[in-house]
Amino acid sequence: MTAQLERPVMVEQQPDHPHDAQPGWWRSWWHRHRRTLCWVGPLTLLAAVLSLVNMTGAPQRIDDEGTYTAQAWAILHLHELTHYTYWYDHPPLGWIQIAAWTGLTGGFDRYSTAVAAGREAMVVAHLVSVVLVWVLARRLGMRRPAAGLATLIMAVSPLSVQFSRTVYLDNVAVPWALGSFVLAMSRRNQLAAFAGSALCFGVAVLSKETFALLLPFLVWQLWRSAHPSSRRYTLSVAASLFALIVAGYVAFALVKGEVLPGSNRVSLLSGVAFQLLQRQGSGSVFEASTQAGRSVRVWLTLDSVLPWLTIASVAIGLFVRRLRPLAALVGFSILVVLKPGYLPVPYVIALIPFAALLVAGVADTAFRDRRRATRLTAAVVALAAAVAAVPLWGTQLRGLLRADLDRPLAQAEHYIDTQVPHDQRLLVDDAAWTDLVRDGFARTNVVWYYKADTDPAVERRSPNGWKDYDYILVTQALRRSAGTMPVVDTALRNATRVAQYGSGEQQVAVYQVHAEGASVASQIADRDAAARPSAGRALAANPRLELSGAARKALASGAVDSRLITLLATLSADHRLRITSFPTVDGEYGPARSVRLTADRSVLRAAEAQVEPFRPDRVVQHDGVLTLGFALTSAADLLPSPTS
Amino acid sequence: MAMLAARPSWRALLPVLLLTGFLLASTLLAAPARADDSPSPSPSSSPSSSQTPADSTQDSLLPPDPDQQESRQQTQVMPPRVGQDGSSAGTASSQGRSPLALGGLGLLVAVSLALTVVAATTLWWMLHAWRSTTSLQATGFSPTPQAPRRRFSLLVPARHEELVLGHTLDELARQDHPDFEVIVIIGHDDPGTEEVARAAERRHPGLVRVVIDHSVPKNKPRGMNTALAECTGDIVGVFDAEDEVHPGLLRLIDARFSDTGADIVQGGVQLMNVSTSWWSLRNCLEYYFWFRSRLHFHAEARFIPLGGNTVFVRTDLLRAAGGWDGDCLAEDCELGVRLSTQGAKVAVAYDPAVVTREETPGTFRSLVKQRTRWSQGFLQVLRKGAWKELPSWRQRALARYTLTMPFLQAFTGLMIPVSLFLIFAVKVPTAVALVTFLPVVPTLVTLAVEAAGLGEFGRAYGVRIRVRDYVRLVLGTFPYQVMLAFAALRAVWREVRGDGSWEKTDHVGAHVVGADPHQQLTTRTPEEALR
């Protein structure tokens, strides 16, 4: 009916986005951003080089890194959130992201240690942060050189380089926090930007809960940037979204029925209470002996320029309108360091990018000042800082780029993998947990120190307490917490050192636990040690043995295992043996457990025909050289006492 | 017509299917999951649910397994099964679930995600005007005055409106625009109203005219079609008999036509009585967000369900399109869709100062009937299928989505308590449980936005908003959703039974003003506006 009617002409319509259809939009993009790229590109590359070179060598691998890496590994390989009972110590989003990166890139297969894969994820997060520092600097109204300075500090400061390599959840949270500030400073499309800001900040807080300290400053920034006409909506969307994201964590606990503490379960509330109330204070930062004092000293050793510049910049930045929230944020964070109570070691990580931004922002403001005197002062301060920074940073960076502080732990891991039978139960630093499980030790037989005393499931698997462990990997973390973990401490008191690598803080040792008790074990060991030289000399006197000088010396000095002495004595009854050496394992204490000799196949058969404990665990014949070896074990009274 | 009505529209039933799917999923889950509890490492492992010590790390009260106590040798050679150890940690393993339960889980996740998308898009469109400062500025009238260039014909359909019509016509006659006429449409069987209209005609000679509509049965679109032939203006505008219209509105509308080159301009309509009842608050806010924000999105997306009044259309365009659809329950929405298919450009303009003011339906009953009619009207437009001729697939997708929205949105609200129940009553893997929480996120953000909007509404219109209004807003959320869902279901039911036409409604009680807007030709209720 209507179709036949004449249709009036519609108004001509303009195409909505005329430039969208143009080819080569990227060319115009490049044209607009090439100056930025000329700054950001090299700086990011520099950051990448400084982060990646010797990434695994320094700083030293620590237990926290092992924990987060193991949890990420547990997500991928055990399909669980943690390798032990998750007890709400931290929200899980941080290591979920580490798992996502390592899972997507096959990280755990590309590195010999699991923590190295975790460190790679940290470097990726760091590089994102470096770029975001640039973006945020520009949003704060800094000119390109100043933005470049902020980015440079973030990329080069040894404090930043060292901590950004370490597998800390803070490193995962940093790019999210920076992103939330970048979005909070959007001028256009504020609704979506603020929602994004809230989302990013929610992710940051669920990655590392301490980032909640930044919330007041983010709110301040949002309030400042919000356009009054739409502020109601932009802020209520942001606020509700953030609240809901955090509530998601509570919902997670709720779904698992673990919100309120129960007599026999972990709970969100007790996890939070632990972090807020029960953590032991770290002491005063002004005392060198406290943990807080140690942390701060480490920060100041790594970078003795940035902290002082930062403190000065806070004082100035509070008077610069555009820098005020940033200066307040940094100032507040510094005050938190000074307050008594628990100071997490990685606390400084959140501070670095904002400090870099503040220093650069203050410099930018000073150099823009109309007064000549101000500009001159700024130039002098900048020059002095640069003169101080170059040698100080250079020294620290050289260490970070060249030192191999991971070698002792890697060697100890290798020792355990090759020398300790894989059915033994180990007490280890969490830094080595994943590696040893991947080496083939059963997951339940590799126990992180901390869990031996705190996890009921672990305690249930070790009904005899410390006696149910065979070896202990002793690292700096264990030495430092000595006296706080009864099971581990008792085990260590009843253990003897079998191997040791490195020295000082890097020293790593492997101890063997003697279930029969330290005194009994040491008596046996003493008797064995006393019997070995005389038995060795007696064996060396055997004319059917042809010994190299070194081998003769080893026998005479008691440096040969008593099982080996007995075996050689037995074999020499029927065979002529030419002994070249008694090889030892690198780093191992105690007598040599293997022998290298030239002999025919009959010797091999004779050796294999022995009975326990004299039957060698390792028999290898190669090019006419026969190697016989015994496994690591406790000493036993196998040799006659020299006095009897 | 009868055949058309008898055939149920499967698209309209989609939400019902969704709901059924959801409930089915939950029942499927309930049984096997419970049976599952003890043997498998349950995701939310309560201490008593685990039988084997190796399966629970939380369960310190259980005595140690005797096998383990016996000798440490055995501890050392624990079976590889210990790989399962400590598996209370959240990522729920689905092993041990039957395919049926897995399917149920999949369905639960899919429905939750769909509901999240529905709620999130609704929220985003609701916030369209505030997404940036430029877009907010674009929603208003031009700040620079322009010379009037068009002649307006204002249609005022009135049926049994003798109480308010005189005042409304006097107000309309006071428009400061130099060139317009007011055409009052009166049914031939309504002498009372006609008398009021004739009086106004005498008071405003040359400005107000009365047109008598002889069509049977009577309804608003038919009346307006009768008057369309009599219009002398370039632009046809529609107002309801009880509308409070700002005297400067026409000049601004004229300028909006000039500014935008639009074929249709939709002005703002606002319900004002926030504090009359618990639902009037929500009803007012719905209008606020719809005209303040959402309609601008539809105008930009070039698919718009127009409002029932304060709408202005080029007369030639309207005539060429054959006027309004006299059989549709949502004739204003239908016209908007039809003109959109022909590429008509729609501009929306909102300014609290010149908005057309109305009141909510008088009773909860009439609100439900109004909503039923809108939902059914949307269904009719959906089934009529004019939207299929929209030029781009995006417009078509938006049309389909928008027209189904009353149903989808209603069920989003209803699903949330169902999700909550499922999470706590039925043991599902933690990850799945968290996904079923997802629709809550946009829903609660919407509530926060509504609270913000209520505050702004109070400021814009000088209405005092008290704490108890915010409390009512929050507490009213769920009951209002239930009402919407009920109206949507009722609409589907009526449409399936073919019980949806204007013709079927008798004029019983039509003389009672506002008693039943559904049964009136032209109503004193403002529901026509919000389509």
# chains A, B, ... in the order shown; residues from 1 in each chain; ligands from 1

call {"tool": "select_by_dssp", "arguments": {"residues": "stretch 387-585 of chain A", "states": "strand (DSSP E)", "output": "short mmCIF file (atom, residue, chain, number, x, y, z; two decimals) with C-alpha atoms, in the first residue's frame"}}
result
data_model
loop_
_atom_site.label_atom_id
_atom_site.label_comp_id
_atom_site.auth_asym_id
_atom_site.auth_seq_id
_atom_site.Cartn_x
_atom_site.Cartn_y
_atom_site.Cartn_z
CA LEU A 426 64.57 -33.84 50.85
CA LEU A 427 64.09 -30.66 52.77
CA VAL A 428 64.83 -27.86 50.34
CA VAL A 446 60.67 -32.70 48.09
CA VAL A 447 59.56 -30.54 50.98
CA TRP A 448 60.00 -26.79 51.23
CA TYR A 471 68.81 -34.73 53.02
CA ILE A 472 68.66 -31.01 53.57
CA LEU A 473 69.62 -28.37 51.08
CA VAL A 474 70.99 -25.53 53.16
CA ALA A 495 72.79 -34.00 59.93
CA THR A 496 76.28 -33.93 58.49
CA ARG A 497 77.48 -31.98 55.53
CA VAL A 498 78.11 -34.04 52.43
CA ALA A 499 78.71 -31.34 49.85
CA GLN A 500 79.16 -27.61 49.74
CA TYR A 501 79.39 -24.96 47.03
CA VAL A 508 74.85 -23.75 49.45
CA ALA A 509 75.38 -27.04 51.22
CA VAL A 510 73.83 -30.49 51.12
CA TYR A 511 73.42 -32.19 54.48
CA GLN A 512 72.60 -35.78 55.18
CA VAL A 513 70.18 -36.43 58.03
CA LEU A 545 97.71 -53.82 43.42
CA GLU A 546 99.50 -51.43 41.17
CA LEU A 547 98.81 -47.88 42.34
CA LEU A 577 94.48 -54.46 39.58
CA ARG A 578 96.05 -51.30 38.19
CA ILE A 579 94.43 -48.38 39.99
CA THR A 580 94.75 -45.03 38.29
CA SER A 581 92.72 -42.82 40.63
#

call {"tool": "select_by_dssp", "arguments": {"residues": "stretch 191-301 of chain A", "states": "helix (DSSP H, G or I)", "output": "VMD selection string"}}
result
chain A and resid 191 to 207 209 to 225 231 to 255 268 to 278 291 to 301

call {"tool": "closest_residue", "arguments": {"among": "A:Ala125, A:Ala238, A:Val156, A:Ala48", "to": "chain B", "atoms": "only C-alpha atoms"}}
result
A:Ala238

call {"tool": "closest_residue", "arguments": {"among": "A:Pro640, A:Gly257, A:Gly271, A:Pro583", "to": "chain B", "atoms": "only C-alpha atoms"}}
result
A:Gly257

call {"tool": "residues_around", "arguments": {"residues": "stretch 172-182 of chain A", "least_positions_apart": "6", "cutoff": "8 Å", "atoms": "only C-alpha atoms", "output": "PyMOL selection string"}}
result
chain A and resi 94+97-98+122+125-126+128-129+132-133+135-136+139+196-201+203-205+207-208+211+218+221+349-350

call {"tool": "write_last_selection", "arguments": {"atoms": "N, CA and C atoms", "output": "PDB file, in the first residue's frame"}}
result
ATOM      1  N   GLY A  94      48.803 -12.862  40.518  1.00  0.00           N
ATOM      2  CA  GLY A  94      50.187 -12.611  40.115  1.00  0.00           C
ATOM      3  C   GLY A  94      50.814 -13.831  39.464  1.00  0.00           C
ATOM      4  N   GLN A  97      49.399 -14.988  36.168  1.00  0.00           N
ATOM      5  CA  GLN A  97      49.952 -14.299  35.002  1.00  0.00           C
ATOM      6  C   GLN A  97      51.316 -14.864  34.626  1.00  0.00           C
ATOM      7  N   ILE A  98      52.118 -15.192  35.642  1.00  0.00           N
ATOM      8  CA  ILE A  98      53.418 -15.812  35.340  1.00  0.00           C
ATOM      9  C   ILE A  98      53.185 -17.143  34.619  1.00  0.00           C
ATOM     10  N   MET A 122      59.296 -11.802  34.358  1.00  0.00           N
ATOM     11  CA  MET A 122      59.521 -10.522  35.042  1.00  0.00           C
ATOM     12  C   MET A 122      60.084  -9.486  34.068  1.00  0.00           C
ATOM     13  N   ALA A 125      57.366  -8.110  31.962  1.00  0.00           N
ATOM     14  CA  ALA A 125      56.574  -7.127  32.710  1.00  0.00           C
ATOM     15  C   ALA A 125      57.348  -5.822  32.861  1.00  0.00           C
ATOM     16  N   HIS A 126      58.656  -5.955  33.092  1.00  0.00           N
ATOM     17  CA  HIS A 126      59.488  -4.766  33.276  1.00  0.00           C
ATOM     18  C   HIS A 126      59.510  -3.918  32.007  1.00  0.00           C
ATOM     19  N   VAL A 128      57.263  -3.759  29.682  1.00  0.00           N
ATOM     20  CA  VAL A 128      55.962  -3.085  29.558  1.00  0.00           C
ATOM     21  C   VAL A 128      55.942  -1.865  30.481  1.00  0.00           C
ATOM     22  N   SER A 129      56.458  -2.045  31.683  1.00  0.00           N
ATOM     23  CA  SER A 129      56.484  -0.928  32.633  1.00  0.00           C
ATOM     24  C   SER A 129      57.324   0.221  32.095  1.00  0.00           C
ATOM     25  N   LEU A 132      55.361   2.091  29.707  1.00  0.00           N
ATOM     26  CA  LEU A 132      54.269   2.809  30.379  1.00  0.00           C
ATOM     27  C   LEU A 132      54.777   4.020  31.153  1.00  0.00           C
ATOM     28  N   VAL A 133      56.016   3.929  31.659  1.00  0.00           N
ATOM     29  CA  VAL A 133      56.591   5.093  32.341  1.00  0.00           C
ATOM     30  C   VAL A 133      56.701   6.254  31.349  1.00  0.00           C
ATOM     31  N   VAL A 135      54.794   6.722  28.679  1.00  0.00           N
ATOM     32  CA  VAL A 135      53.448   7.205  28.379  1.00  0.00           C
ATOM     33  C   VAL A 135      52.924   8.068  29.531  1.00  0.00           C
ATOM     34  N   LEU A 136      53.161   7.582  30.742  1.00  0.00           N
ATOM     35  CA  LEU A 136      52.660   8.318  31.903  1.00  0.00           C
ATOM     36  C   LEU A 136      53.372   9.665  32.021  1.00  0.00           C
ATOM     37  N   ARG A 139      51.791  11.935  29.698  1.00  0.00           N
ATOM     38  CA  ARG A 139      50.457  12.356  30.174  1.00  0.00           C
ATOM     39  C   ARG A 139      50.573  13.359  31.302  1.00  0.00           C
ATOM     40  N   GLY A 196      38.646   1.156  32.535  1.00  0.00           N
ATOM     41  CA  GLY A 196      39.888   0.430  32.306  1.00  0.00           C
ATOM     42  C   GLY A 196      40.870   0.643  33.443  1.00  0.00           C
ATOM     43  N   SER A 197      40.921   1.876  33.927  1.00  0.00           N
ATOM     44  CA  SER A 197      41.821   2.203  35.034  1.00  0.00           C
ATOM     45  C   SER A 197      41.466   1.364  36.266  1.00  0.00           C
ATOM     46  N   ALA A 198      40.171   1.312  36.558  1.00  0.00           N
ATOM     47  CA  ALA A 198      39.728   0.523  37.714  1.00  0.00           C
ATOM     48  C   ALA A 198      40.061  -0.950  37.514  1.00  0.00           C
ATOM     49  N   LEU A 199      39.865  -1.412  36.288  1.00  0.00           N
ATOM     50  CA  LEU A 199      40.153  -2.814  35.978  1.00  0.00           C
ATOM     51  C   LEU A 199      41.637  -3.107  36.190  1.00  0.00           C
ATOM     52  N   CYS A 200      42.482  -2.229  35.637  1.00  0.00           N
ATOM     53  CA  CYS A 200      43.929  -2.417  35.774  1.00  0.00           C
ATOM     54  C   CYS A 200      44.321  -2.393  37.247  1.00  0.00           C
ATOM     55  N   PHE A 201      43.769  -1.452  37.971  1.00  0.00           N
ATOM     56  CA  PHE A 201      44.168  -1.349  39.372  1.00  0.00           C
ATOM     57  C   PHE A 201      43.681  -2.570  40.152  1.00  0.00           C
ATOM     58  N   VAL A 203      43.427  -5.553  38.954  1.00  0.00           N
ATOM     59  CA  VAL A 203      44.368  -6.625  38.631  1.00  0.00           C
ATOM     60  C   VAL A 203      45.666  -6.428  39.414  1.00  0.00           C
ATOM     61  N   ALA A 204      46.100  -5.163  39.522  1.00  0.00           N
ATOM     62  CA  ALA A 204      47.338  -4.886  40.263  1.00  0.00           C
ATOM     63  C   ALA A 204      47.191  -5.331  41.720  1.00  0.00           C
ATOM     64  N   VAL A 205      46.073  -4.992  42.323  1.00  0.00           N
ATOM     65  CA  VAL A 205      45.887  -5.327  43.743  1.00  0.00           C
ATOM     66  C   VAL A 205      45.729  -6.832  43.930  1.00  0.00           C
ATOM     67  N   SER A 207      47.163  -8.927  42.077  1.00  0.00           N
ATOM     68  CA  SER A 207      48.473  -9.519  41.806  1.00  0.00           C
ATOM     69  C   SER A 207      49.358  -9.376  43.036  1.00  0.00           C
ATOM     70  N   LYS A 208      49.313  -8.204  43.661  1.00  0.00           N
ATOM     71  CA  LYS A 208      50.076  -7.994  44.885  1.00  0.00           C
ATOM     72  C   LYS A 208      49.286  -7.019  45.745  1.00  0.00           C
ATOM     73  N   PHE A 211      49.750  -3.141  46.714  1.00  0.00           N
ATOM     74  CA  PHE A 211      49.499  -2.035  45.798  1.00  0.00           C
ATOM     75  C   PHE A 211      48.233  -1.264  46.173  1.00  0.00           C
ATOM     76  N   LEU A 218      45.425   7.166  43.346  1.00  0.00           N
ATOM     77  CA  LEU A 218      44.712   6.931  42.088  1.00  0.00           C
ATOM     78  C   LEU A 218      43.366   7.653  42.123  1.00  0.00           C
ATOM     79  N   GLN A 221      43.911  11.232  41.557  1.00  0.00           N
ATOM     80  CA  GLN A 221      44.203  11.494  40.150  1.00  0.00           C
ATOM     81  C   GLN A 221      42.931  11.409  39.309  1.00  0.00           C
ATOM     82  N   ILE A 349      59.819  -2.015  44.864  1.00  0.00           N
ATOM     83  CA  ILE A 349      59.520  -2.179  43.440  1.00  0.00           C
ATOM     84  C   ILE A 349      58.429  -1.221  42.971  1.00  0.00           C
ATOM     85  N   ALA A 350      57.378  -1.092  43.782  1.00  0.00           N
ATOM     86  CA  ALA A 350      56.283  -0.205  43.394  1.00  0.00           C
ATOM     87  C   ALA A 350      56.729   1.239  43.355  1.00  0.00           C
TER      88      ALA A 350
END

call {"tool": "interface_residues", "arguments": {"of": "chain A", "to": "chain B", "cutoff": "8 Å", "atoms": "only C-alpha atoms", "output": "number ranges by chain"}}
result
A: 1-3, 5-8, 10-11, 78-86, 188-192, 227, 229-230, 232-234, 236-237, 240-241, 244, 248, 251-252, 255-257, 264-266, 423-425, 442-445, 455-458, 460-464, 468

call {"tool": "write_last_selection", "arguments": {"atoms": "C-alpha atoms", "output": "short mmCIF file (atom, residue, chain, number, x, y, z; two decimals), in the first residue's frame"}}
result
data_model
loop_
_atom_site.label_atom_id
_atom_site.label_comp_id
_atom_site.auth_asym_id
_atom_site.auth_seq_id
_atom_site.Cartn_x
_atom_site.Cartn_y
_atom_site.Cartn_z
CA MET A 1 0.00 0.00 0.00
CA THR A 2 2.73 2.36 0.88
CA ALA A 3 5.20 1.13 -1.68
CA LEU A 5 3.86 6.28 -3.02
CA GLU A 6 6.56 8.57 -4.16
CA ARG A 7 9.56 8.46 -1.93
CA PRO A 8 11.01 11.77 -0.90
CA MET A 10 16.66 11.65 1.91
CA VAL A 11 19.23 14.10 3.07
CA LEU A 78 49.50 -29.94 38.51
CA HIS A 79 46.40 -27.92 37.54
CA GLU A 80 46.32 -26.50 41.01
CA LEU A 81 46.74 -23.01 42.26
CA THR A 82 49.77 -23.78 44.44
CA HIS A 83 52.20 -26.62 45.06
CA TYR A 84 51.00 -26.64 48.67
CA THR A 85 47.64 -25.85 50.17
CA TYR A 86 46.64 -22.38 49.08
CA ARG A 188 39.08 11.73 26.01
CA ASN A 189 36.68 8.82 26.34
CA GLN A 190 36.91 9.03 30.08
CA LEU A 191 34.16 6.55 30.79
CA ALA A 192 35.94 3.66 29.11
CA HIS A 227 35.45 16.10 33.61
CA SER A 229 29.94 17.00 33.55
CA SER A 230 30.45 13.25 33.47
CA ARG A 232 29.33 11.18 38.50
CA TYR A 233 29.28 8.39 36.00
CA THR A 234 32.94 7.92 35.28
CA SER A 236 30.90 5.56 40.03
CA VAL A 237 31.65 3.10 37.24
CA SER A 240 32.04 -0.05 41.56
CA LEU A 241 34.14 -1.96 39.06
CA LEU A 244 33.64 -5.82 42.36
CA GLY A 248 35.82 -11.39 43.13
CA ALA A 251 33.77 -14.64 46.06
CA PHE A 252 36.54 -17.08 45.24
CA VAL A 255 32.82 -20.50 46.70
CA LYS A 256 35.49 -22.64 48.32
CA GLY A 257 33.87 -22.12 51.73
CA ASN A 264 40.79 -27.29 60.34
CA ARG A 265 40.92 -25.18 57.25
CA VAL A 266 42.68 -22.25 55.69
CA ASP A 423 63.63 -42.09 46.39
CA GLN A 424 65.12 -40.05 49.21
CA ARG A 425 63.16 -37.34 50.99
CA ALA A 442 58.35 -37.33 43.88
CA ARG A 443 56.52 -34.16 44.68
CA THR A 444 55.75 -35.33 48.21
CA ASN A 445 59.40 -36.19 48.81
CA ASP A 455 51.38 -27.58 56.51
CA PRO A 456 49.31 -30.30 58.19
CA ALA A 457 49.33 -32.37 55.01
CA VAL A 458 53.13 -32.37 54.97
CA ARG A 460 50.94 -36.09 58.09
CA ARG A 461 53.24 -37.50 55.46
CA SER A 462 56.14 -37.33 57.92
CA PRO A 463 54.78 -39.02 61.03
CA ASN A 464 58.26 -39.36 62.52
CA ASP A 468 61.50 -38.83 57.86
#

call {"tool": "atom_distance", "arguments": {"atom1": "atom CA of B:Val184", "atom2": "atom CA of B:Pro157"}}
result
5.8 Å

call {"tool": "atom_distance", "arguments": {"atom1": "atom CA of B:Ala485", "atom2": "atom CA of B:Ser280"}}
result
17.2 Å

call {"tool": "residues_around", "arguments": {"residues": "A:Met142", "least_positions_apart": "6", "cutoff": "10 Å", "atoms": "only C-alpha atoms", "output": "list in words"}}
result
Trp134, Val135, Leu136, Gly148, Ala150, Arg322, Leu357, Ala360, Gly361, Val362, Ala363, Asp364 and Thr365 of chain A

call {"tool": "residues_around", "arguments": {"residues": "B:Gln270", "least_positions_apart": "5", "cutoff": "7 Å", "atoms": "only C-alpha atoms", "output": "count of residues only"}}
result
7

call {"tool": "residues_around", "arguments": {"residues": "stretch 145-152 of chain B", "least_positions_apart": "4", "cutoff": "7 Å", "atoms": "only C-alpha atoms", "output": "list in words"}}
result
Asp179, Phe180, Glu181, Gly233, Asp234, Ile235, Val236, Gly237, Arg251, Asp254 and Ala255 of chain B

call {"tool": "residues_around", "arguments": {"residues": "A:Trp220", "least_positions_apart": "3", "cutoff": "12 Å", "atoms": "only C-alpha atoms", "output": "list in words"}}
result
Phe181, Ala184, Met185, Leu214, Leu215, Pro216, Phe217, Trp223, Arg224, Ser225, Ala226, Leu235, Arg322, Leu323, Arg324, Pro325, Leu326, Ala328 and Leu329 of chain A

call {"tool": "write_last_selection", "arguments": {"atoms": "N, CA and C atoms", "output": "JSON list (two decimals), in the first residue's frame"}}
result
[["chain", "number", "residue", "atom", "x", "y", "z"],
["A", 181, "PHE", "N", 47.17, 4.34, 36.15],
["A", 181, "PHE", "CA", 47.42, 5.79, 36.23],
["A", 181, "PHE", "C", 47.38, 6.42, 34.83],
["A", 184, "ALA", "N", 43.89, 6.75, 34.03],
["A", 184, "ALA", "CA", 43.23, 7.75, 34.89],
["A", 184, "ALA", "C", 43.52, 9.16, 34.41],
["A", 185, "MET", "N", 44.54, 9.31, 33.57],
["A", 185, "MET", "CA", 44.87, 10.64, 33.09],
["A", 185, "MET", "C", 44.38, 10.87, 31.67],
["A", 214, "LEU", "N", 48.36, 2.40, 46.98],
["A", 214, "LEU", "CA", 48.34, 3.47, 45.97],
["A", 214, "LEU", "C", 46.94, 4.00, 45.72],
["A", 215, "LEU", "N", 45.93, 3.30, 46.27],
["A", 215, "LEU", "CA", 44.54, 3.63, 45.93],
["A", 215, "LEU", "C", 44.18, 5.10, 46.16],
["A", 216, "PRO", "N", 44.51, 5.68, 47.34],
["A", 216, "PRO", "CA", 44.11, 7.07, 47.55],
["A", 216, "PRO", "C", 44.63, 8.00, 46.46],
["A", 217, "PHE", "N", 45.82, 7.70, 45.97],
["A", 217, "PHE", "CA", 46.43, 8.59, 44.98],
["A", 217, "PHE", "C", 45.82, 8.39, 43.61],
["A", 223, "TRP", "N", 39.89, 11.90, 40.29],
["A", 223, "TRP", "CA", 39.04, 13.03, 40.60],
["A", 223, "TRP", "C", 39.54, 14.28, 39.86],
["A", 224, "ARG", "N", 40.86, 14.44, 39.83],
["A", 224, "ARG", "CA", 41.42, 15.60, 39.16],
["A", 224, "ARG", "C", 41.17, 15.57, 37.67],
["A", 225, "SER", "N", 41.33, 14.39, 37.06],
["A", 225, "SER", "CA", 41.18, 14.36, 35.60],
["A", 225, "SER", "C", 39.73, 14.32, 35.17],
["A", 226, "ALA", "N", 38.85, 13.87, 36.05],
["A", 226, "ALA", "CA", 37.45, 13.67, 35.63],
["A", 226, "ALA", "C", 36.81, 14.98, 35.21],
["A", 235, "LEU", "N", 33.26, 8.17, 37.67],
["A", 235, "LEU", "CA", 33.80, 7.73, 38.96],
["A", 235, "LEU", "C", 32.98, 6.60, 39.58],
["A", 322, "ARG", "N", 50.76, 19.96, 38.79],
["A", 322, "ARG", "CA", 50.53, 18.74, 38.00],
["A", 322, "ARG", "C", 51.23, 17.53, 38.61],
["A", 323, "LEU", "N", 52.25, 17.77, 39.48],
["A", 323, "LEU", "CA", 52.98, 16.64, 40.05],
["A", 323, "LEU", "C", 52.50, 16.29, 41.46],
["A", 324, "ARG", "N", 51.52, 17.05, 41.95],
["A", 324, "ARG", "CA", 51.20, 16.92, 43.37],
["A", 324, "ARG", "C", 50.76, 15.50, 43.78],
["A", 325, "PRO", "N", 49.80, 14.89, 43.06],
["A", 325, "PRO", "CA", 49.42, 13.52, 43.48],
["A", 325, "PRO", "C", 50.60, 12.56, 43.42],
["A", 326, "LEU", "N", 51.43, 12.73, 42.39],
["A", 326, "LEU", "CA", 52.59, 11.84, 42.24],
["A", 326, "LEU", "C", 53.56, 12.03, 43.41],
["A", 328, "ALA", "N", 52.88, 13.21, 46.33],
["A", 328, "ALA", "CA", 52.25, 12.71, 47.55],
["A", 328, "ALA", "C", 52.36, 11.19, 47.61],
["A", 329, "LEU", "N", 52.14, 10.56, 46.48],
["A", 329, "LEU", "CA", 52.25, 9.10, 46.42],
["A", 329, "LEU", "C", 53.64, 8.64, 46.84]]
